[in-house]
Amino acid sequence: MKEAKGKRMITYCEALNEAISLEMERDSKVFVYGLDVADHKRTFGSGAGLLEKFGPERYFSTPLSEDALTGFGLGAAINGLKPILVHIRMDFLLLSMSQLVNMVAAYRYGTGGKVKAPFVIRAVIGRGWGQGFQHSKTMHSVFAHIPGLKVVMPTTPYDVKGLFASAVRDENPVLFLEHRWLYWVEGEVPKASYTIPLGKGSIVKKGKDMTIVATSWMNVEALKAAEVLKKRGVDVEIVDPRTIAPLDKKIILDSAKKTGRVIVADYDWVPYGFGAEVEAIVSKECFRRLKAPDQRLGFAHAPCPTARHLENKFYPTAISIIRAVEKMFKMKPENLSSESFYTYENKFKGPF
Amino acid sequence: MRISRKKLNIELYKKLYLIRKAEERIQDEYSKDEMKTPMHMSMGGEAISAGVCHALGASGQAFSSYRSHGVYLAKTMETDKFFAELYGKKTGAARGKAGSMHLSMPEKGYLGASAVVGTPIPLAVGATFANVRKNNKNIVAVFFGDGAIDEGVFWESINMAALWKLPVLFVCEDNGLAIHTPPHMRHGYDSIAEVISKFKVNVLSSDSTDVEEIHNVVRRGINLIYATSRPCFLHLKYYRYLEHVGINPDFNAGYRSAKEFKKWNKRDPLLVQRQKLLKLSVPEKAISVLENKINASIERSIVSAQKAPFSSEKELFKDIFYERS
């Protein structure tokens with residue numbers, strides 16, 4: 001489907017809400033369930049109005065039984081429905097790893113292709129402040145590691161709406177990871193339904209000197225870094241893969257071949273992660289065209305601490321990207337004190 | 001009435017006999033190492049598989065653990081794809097992807113088997129939710145052992161089914177052993193049936209090896225499900241004749257005694273049912289005829305499975321995802 005741009009400005013959260021509503025309207029087999037989805041807060045507002053519109057049979061809160069809820073969704077899916085399970089924190093989804101890995105991911109395969117498992121599992125990722133080590137995980141590379149799961153990480157309001165529609169229509173298990181801070185971001189979103197194919201990345205910003213492959217919130221940080229680096233004469237290209245599995249290798253490789261320099265700014269722990277995967281692909285396919293070794297940025301390899309000063313050290317930011325780029329180009333570190341960066345208090349609201 | 005009872009018991013005996021015979025033939029053939037799949041045998045528990053599946057009827061659906069041969073055979077009454085699957089052949093139920101531990105035949109209502117014991121339980125709750133939404137009245141049964149009730153997902157699932165009044169048939173096949181560990185080393189309570197009765201769930205128990213009696217208990221359970229709008233938990237005891245995994249008896253291993261087996265074997269489900277057929281004045285000869293028919297069809301299935309080709313190596317990457325053609 002063509003990614004026709006509209007003129008309406010709405011938030012990521014509103015775009016997601018529209019997408020859920022449109023899919024529920026389009027297909028009566030779709031239903032939404034999970035911990036507290038029908039409470040007064042409606043999963044940070046992303047479920048606003050859905051209970052009223054579709055009723056408690058298609059939009060309902062559940063017991064705190066993540067493992068069984070996941071198996072429940074799989075059972076409903078193979079018997080003809082299209083479940084959407086919501087985890088308000090990725091950390092809670094980990095309670096369902098047995099169902100997800102042992103059952104959901106492999107079920108179609110194990111029946112020799114006789115059943116389909118159209119099952120969307122939403123999980124909110126990312127930080128507030130002081131969320132600590134059990135309200136802050138991402139773990140997309142863990143899920144992408146498992147054959148049979150698709151993993152989607154939309155960054156923009158436009159992307160979240162189109163990718164959600166594709167996820168629901170995909171007929172396979174899809175993990176849909178939404179960064180909490182992106183909920184506030186505004187962008188142009190057409191009113192009508194549209195889809196963006198899974199497995200197609202996007203160029204968030206064109207550039208010629210180097211490539212940043214950024215996931216989820218790191219696209220915001222990368223854009224800020226690019227703005228600062230431009231003043232120093234570095235023209236950055238930003239690639240958002242949008243889906244981790246399947247991965248759009250071509251868009252990454254095309255950019256890497258063009259610029260010869262790649263930094264992966266990932267929103268997760270670095271070791272054994274998405275950055276390593278991207279770098280392996282880039283090294284294999286364009287080894288001779290690289291002008292500098294690839295670099296990986298991501299969470300500090302520690303559990304996420306609560307105290308703010310430690311939390312600030314834990315998360316990668318535009319500043320860490322700038323420092324990495326400076327190193328790559330053997331530039332002296334710039335004094336950044338005159339720049340303003342995004343923080344929890346200084347929310348980024350877009351648009352992209 | 002008499003005739004229909006006779007017919008019912010003949011049908012039930014066919015299921016028992018098919019399961020027992022198919023597994024005896026697995027025992028004969030397994031040492032050739034051509035069936036390269038771990039076997040968790042149903043032997044001893046045939047009355048439960050047969051009684052429950054017969055009561056479910058053709059429209060009923062079932063999930064089970066990897067102790068799956070009984071449920072597969074009772075639900076499908078076919079052995080071609082069964083043996084081909086055990087031999088890993090292209091003609092198998094899942095073209096060799098599943099083996100013994102993940103047998104399924106969704107088109108006949110057998111929605112699958114899992115090798116992680118508690119895992120199929122919530123699937124039955126979700127599959128039932130879909131049936132209720134589609135208003136098709138199909139009952140979904142899930143077979144699991146007493147080891148599975150030690151896992152949290154069982155409690156999560158039965159709670160959800162009770163809460164949402166879903167007509168799930170929970171079939172606990174209690175052989176008193178989780179792998180090799182008896183209940184007193186695993187349970188902080190005495191009676192699972194009593195614990196479950198505190199939920200808004202119908203609970204029925206039986207330690208019968210009489211397939212007709214189990215069939216009748218299941219019918220009662222299904223009627224209760226509809227009458228009360230509550231799920232049903234069946235606590236059915238049986239004795240596992242063979243080792244946890246594998247085709248041999250293991251009374252020399254020391255964790256249980258052959259005495260127990262002898263006690264249960266006196267009321268072996270096949271023995272009980274065969275005697276009943278004679279009592280119901282089914283002639284010995286007629287019983288032999290139906291037994292021989294089943295024997296012959298099993299032999300045909302084994303030969304054709306042995307002769308069948310393996311799938312191409314491309315099969316490795318097939319059906320990981322559904323793709324629109």
# chains A, B, ... in the order shown; residues from 1 in each chain; ligands from 1
$ residues_around --residues "Ile139 (chain B)" --least-positions-apart "6" --cutoff "7 Å" --atoms "only C-alpha atoms" --output "ChimeraX atom specification"
/B:56,60-61,167-168
$ closest_atom_pairs --of "chain B" --to "chain A" --cutoff "8 Å" --atoms "only C-alpha atoms" --output "Markdown table"
| residue | atom | partner | partner_atom | distance |
| --- | --- | --- | --- | --- |
| B:Ala93 | CA | A:Gly112 | CA | 7.4 |
| B:Ala94 | CA | A:Gly112 | CA | 4.0 |
| B:Arg95 | CA | A:Gly112 | CA | 6.0 |
| B:Gly96 | CA | A:Gly112 | CA | 7.8 |
| B:Lys97 | CA | A:Gly110 | CA | 5.7 |
| B:Ala98 | CA | A:Gly110 | CA | 5.3 |
| B:His102 | CA | A:Gly110 | CA | 6.5 |
| B:Leu103 | CA | A:Thr111 | CA | 7.5 |
| B:Ser104 | CA | A:Thr111 | CA | 6.2 |
| B:Met105 | CA | A:Thr111 | CA | 7.6 |
| B:Pro106 | CA | A:Lys114 | CA | 7.0 |
| B:Gly112 | CA | A:Thr111 | CA | 7.3 |
| B:Ser114 | CA | A:Met103 | CA | 7.9 |
| B:Val116 | CA | A:Asn102 | CA | 7.8 |
| B:Thr119 | CA | A:Gln99 | CA | 6.7 |
| B:Pro120 | CA | A:Gly71 | CA | 7.3 |
| B:Ile121 | CA | A:Gly71 | CA | 7.7 |
| B:Pro122 | CA | A:Gly71 | CA | 4.8 |
| B:Leu123 | CA | A:Gly75 | CA | 3.9 |
| B:Ala124 | CA | A:Gly75 | CA | 6.0 |
| B:Val125 | CA | A:Phe72 | CA | 5.8 |
| B:Gly126 | CA | A:Phe72 | CA | 3.9 |
| B:Ala127 | CA | A:Gly75 | CA | 4.3 |
| B:Thr128 | CA | A:Ala76 | CA | 7.3 |
| B:Phe129 | CA | A:Ala76 | CA | 6.4 |
| B:Ala130 | CA | A:Ala76 | CA | 5.1 |
| B:Asn131 | CA | A:Asn79 | CA | 7.4 |
| B:Val153 | CA | A:Ala68 | CA | 5.5 |
| B:Phe154 | CA | A:Ala68 | CA | 7.9 |
| B:Glu156 | CA | A:Ser65 | CA | 5.6 |
| B:Ser157 | CA | A:Ala68 | CA | 5.7 |
| B:Met160 | CA | A:Pro63 | CA | 7.3 |
| B:Lys318 | CA | A:Tyr109 | CA | 7.6 |
| B:Asp319 | CA | A:Gly113 | CA | 5.0 |
| B:Ile320 | CA | A:Tyr109 | CA | 5.1 |
| B:Phe321 | CA | A:Gly148 | CA | 6.1 |
| B:Tyr322 | CA | A:Asn172 | CA | 6.3 |
$ residues_around --residues "region 198-204 of chain A" --least-positions-apart "4" --cutoff "6 Å" --atoms "only C-alpha atoms" --output "PyMOL selection string"
chain A and resi 238-243+246-248
$ write_last_selection --atoms "N, CA and C atoms" --output "PDB file, in the first residue's frame"
ATOM      1  N   ILE A 238      19.871   8.579   8.906  1.00  0.00           N
ATOM      2  CA  ILE A 238      19.273   7.762   9.972  1.00  0.00           C
ATOM      3  C   ILE A 238      18.333   6.733   9.352  1.00  0.00           C
ATOM      4  N   VAL A 239      18.579   5.479   9.684  1.00  0.00           N
ATOM      5  CA  VAL A 239      17.740   4.384   9.196  1.00  0.00           C
ATOM      6  C   VAL A 239      16.973   3.784  10.366  1.00  0.00           C
ATOM      7  N   ASP A 240      15.660   3.768  10.253  1.00  0.00           N
ATOM      8  CA  ASP A 240      14.820   3.113  11.259  1.00  0.00           C
ATOM      9  C   ASP A 240      14.322   1.799  10.658  1.00  0.00           C
ATOM     10  N   PRO A 241      14.775   0.667  11.159  1.00  0.00           N
ATOM     11  CA  PRO A 241      14.342  -0.603  10.546  1.00  0.00           C
ATOM     12  C   PRO A 241      12.836  -0.859  10.722  1.00  0.00           C
ATOM     13  N   ARG A 242      12.239  -0.257  11.710  1.00  0.00           N
ATOM     14  CA  ARG A 242      10.801  -0.345  12.025  1.00  0.00           C
ATOM     15  C   ARG A 242      10.352  -1.746  12.428  1.00  0.00           C
ATOM     16  N   THR A 243      10.776  -2.763  11.713  1.00  0.00           N
ATOM     17  CA  THR A 243      10.541  -4.120  12.212  1.00  0.00           C
ATOM     18  C   THR A 243      11.897  -4.785  12.401  1.00  0.00           C
ATOM     19  N   PRO A 246      10.620  -9.576  10.448  1.00  0.00           N
ATOM     20  CA  PRO A 246      11.759  -9.676   9.551  1.00  0.00           C
ATOM     21  C   PRO A 246      12.473  -8.325   9.421  1.00  0.00           C
ATOM     22  N   LEU A 247      13.776  -8.391   9.169  1.00  0.00           N
ATOM     23  CA  LEU A 247      14.597  -7.183   9.100  1.00  0.00           C
ATOM     24  C   LEU A 247      14.818  -6.773   7.650  1.00  0.00           C
ATOM     25  N   ASP A 248      14.687  -5.480   7.395  1.00  0.00           N
ATOM     26  CA  ASP A 248      14.960  -4.932   6.062  1.00  0.00           C
ATOM     27  C   ASP A 248      16.469  -4.747   5.926  1.00  0.00           C
TER      28      ASP A 248
END
$ atom_distance --atom1 "CA of Val142 (chain A)" --atom2 "CA of Tyr272 (chain A)"
9.1 Å
$ select_by_dssp --residues "region 11-191 of chain B" --states "helix (DSSP H, G or I)" --output "ChimeraX atom specification"
/B:11-30,46-56,69-76,80-86,106-108,120-134,148-150,152-163,183-185
$ residues_around --residues "Trp269 (chain A)" --least-positions-apart "2" --cutoff "8 Å" --atoms "only C-alpha atoms" --output "list in words"
Met139, Asp266, Tyr267, Pro271, Gly273, Gly298, Phe299, Ala300 and His301 of chain A
$ select_by_dssp --residues "region 29-78 of chain B" --states "strand (DSSP E or B)" --output "list in words"
His40, Gln61, Ala62, Phe63, Ser64 and Ser65 of chain B
$ write_last_selection --atoms "C-alpha atoms" --output "mmCIF file, in the first residue's frame"
data_model
loop_
_atom_site.group_PDB
_atom_site.id
_atom_site.type_symbol
_atom_site.label_atom_id
_atom_site.label_comp_id
_atom_site.auth_asym_id
_atom_site.auth_seq_id
_atom_site.Cartn_x
_atom_site.Cartn_y
_atom_site.Cartn_z
ATOM 1 C CA HIS B 40 5.397 -41.389 25.970
ATOM 2 C CA GLN B 61 -11.944 -30.675 20.060
ATOM 3 C CA ALA B 62 -8.999 -31.823 22.127
ATOM 4 C CA PHE B 63 -5.520 -30.821 23.244
ATOM 5 C CA SER B 64 -3.162 -33.094 25.113
ATOM 6 C CA SER B 65 0.290 -33.485 26.534
#
$ residues_around --residues "Phe176 (chain A)" --least-positions-apart "3" --cutoff "7 Å" --atoms "only C-alpha atoms" --output "MDAnalysis selection string"
chainID A and resid 120:123 151:153
$ write_last_selection --atoms "N, CA and C atoms" --output "PDB file, in the first residue's frame"
ATOM      1  N   VAL A 120      -1.523 -10.753  17.905  1.00  0.00           N
ATOM      2  CA  VAL A 120      -0.698  -9.573  18.162  1.00  0.00           C
ATOM      3  C   VAL A 120      -0.501  -9.429  19.664  1.00  0.00           C
ATOM      4  N   ILE A 121       0.751  -9.319  20.078  1.00  0.00           N
ATOM      5  CA  ILE A 121       1.049  -9.098  21.493  1.00  0.00           C
ATOM      6  C   ILE A 121       1.718  -7.736  21.616  1.00  0.00           C
ATOM      7  N   ARG A 122       0.988  -6.794  22.207  1.00  0.00           N
ATOM      8  CA  ARG A 122       1.525  -5.448  22.398  1.00  0.00           C
ATOM      9  C   ARG A 122       2.277  -5.392  23.716  1.00  0.00           C
ATOM     10  N   ALA A 123       3.393  -4.681  23.732  1.00  0.00           N
ATOM     11  CA  ALA A 123       4.085  -4.463  25.006  1.00  0.00           C
ATOM     12  C   ALA A 123       4.655  -3.058  25.003  1.00  0.00           C
ATOM     13  N   VAL A 151       8.674  -9.156  15.039  1.00  0.00           N
ATOM     14  CA  VAL A 151       8.873  -8.132  16.063  1.00  0.00           C
ATOM     15  C   VAL A 151       8.848  -6.754  15.413  1.00  0.00           C
ATOM     16  N   VAL A 152       7.928  -5.928  15.852  1.00  0.00           N
ATOM     17  CA  VAL A 152       7.726  -4.609  15.257  1.00  0.00           C
ATOM     18  C   VAL A 152       7.972  -3.542  16.313  1.00  0.00           C
ATOM     19  N   MET A 153       8.703  -2.474  15.930  1.00  0.00           N
ATOM     20  CA  MET A 153       9.023  -1.388  16.867  1.00  0.00           C
ATOM     21  C   MET A 153       8.812  -0.039  16.204  1.00  0.00           C
TER      22      MET A 153
END
$ closest_residue --among "B:Leu12, B:Leu73, B:Met39, B:Val272" --to "Asn248 (chain B)" --atoms "only C-alpha atoms"
B:Met39
$ closest_residue --among "A:Ser193, A:Gln134, A:Ser21, A:Asn219" --to "Leu95 (chain A)" --atoms "only C-alpha atoms"
A:Gln134
$ residues_around --residues "Ile287 (chain B)" --least-positions-apart "2" --cutoff "10 Å" --atoms "only C-alpha atoms" --output "JSON, numbers by chain"
{"B": [10, 13, 14, 274, 277, 278, 282, 283, 284, 285, 289, 290, 291, 292, 293]}
$ write_last_selection --atoms "C-alpha atoms" --output "short mmCIF file (atom, residue, chain, number, x, y, z; two decimals), in the first residue's frame"
data_model
loop_
_atom_site.label_atom_id
_atom_site.label_comp_id
_atom_site.auth_asym_id
_atom_site.auth_seq_id
_atom_site.Cartn_x
_atom_site.Cartn_y
_atom_site.Cartn_z
CA ILE B 10 -18.43 -52.05 20.50
CA TYR B 13 -13.83 -51.34 22.40
CA LYS B 14 -12.63 -50.54 18.88
CA ARG B 274 -13.87 -57.46 26.10
CA LEU B 277 -18.92 -57.35 25.11
CA LEU B 278 -19.23 -61.09 25.70
CA VAL B 282 -21.45 -60.02 21.22
CA PRO B 283 -20.15 -63.33 19.83
CA GLU B 284 -16.47 -64.10 20.39
CA LYS B 285 -16.14 -64.52 16.69
CA VAL B 289 -13.31 -60.20 13.34
CA LEU B 290 -13.18 -56.59 14.43
CA GLU B 291 -9.84 -57.12 16.16
CA ASN B 292 -8.36 -58.71 13.06
CA LYS B 293 -9.63 -55.88 10.95
#
$ residues_around --residues "Met35 (chain B)" --least-positions-apart "4" --cutoff "9 Å" --atoms "only C-alpha atoms" --output "PDB file with C-alpha atoms, in the first residue's frame"
ATOM      1  CA  ILE B  26       5.398 -49.614  18.335  1.00  0.00           C
ATOM      2  CA  GLU B  29       9.287 -52.018  15.934  1.00  0.00           C
ATOM      3  CA  TYR B  30      10.942 -49.395  18.125  1.00  0.00           C
ATOM      4  CA  SER B  31      14.224 -51.238  18.641  1.00  0.00           C
ATOM      5  CA  PHE B  83       2.682 -44.193  11.900  1.00  0.00           C
ATOM      6  CA  GLU B  85       4.492 -39.255  11.549  1.00  0.00           C
ATOM      7  CA  LEU B  86       6.304 -41.534  14.005  1.00  0.00           C
ATOM      8  CA  TYR B  87       8.604 -42.617  11.184  1.00  0.00           C
ATOM      9  CA  GLY B  88       9.190 -38.943  10.305  1.00  0.00           C
ATOM     10  CA  GLY B  99       6.806 -36.896  15.848  1.00  0.00           C
TER      11      GLY B  99
END
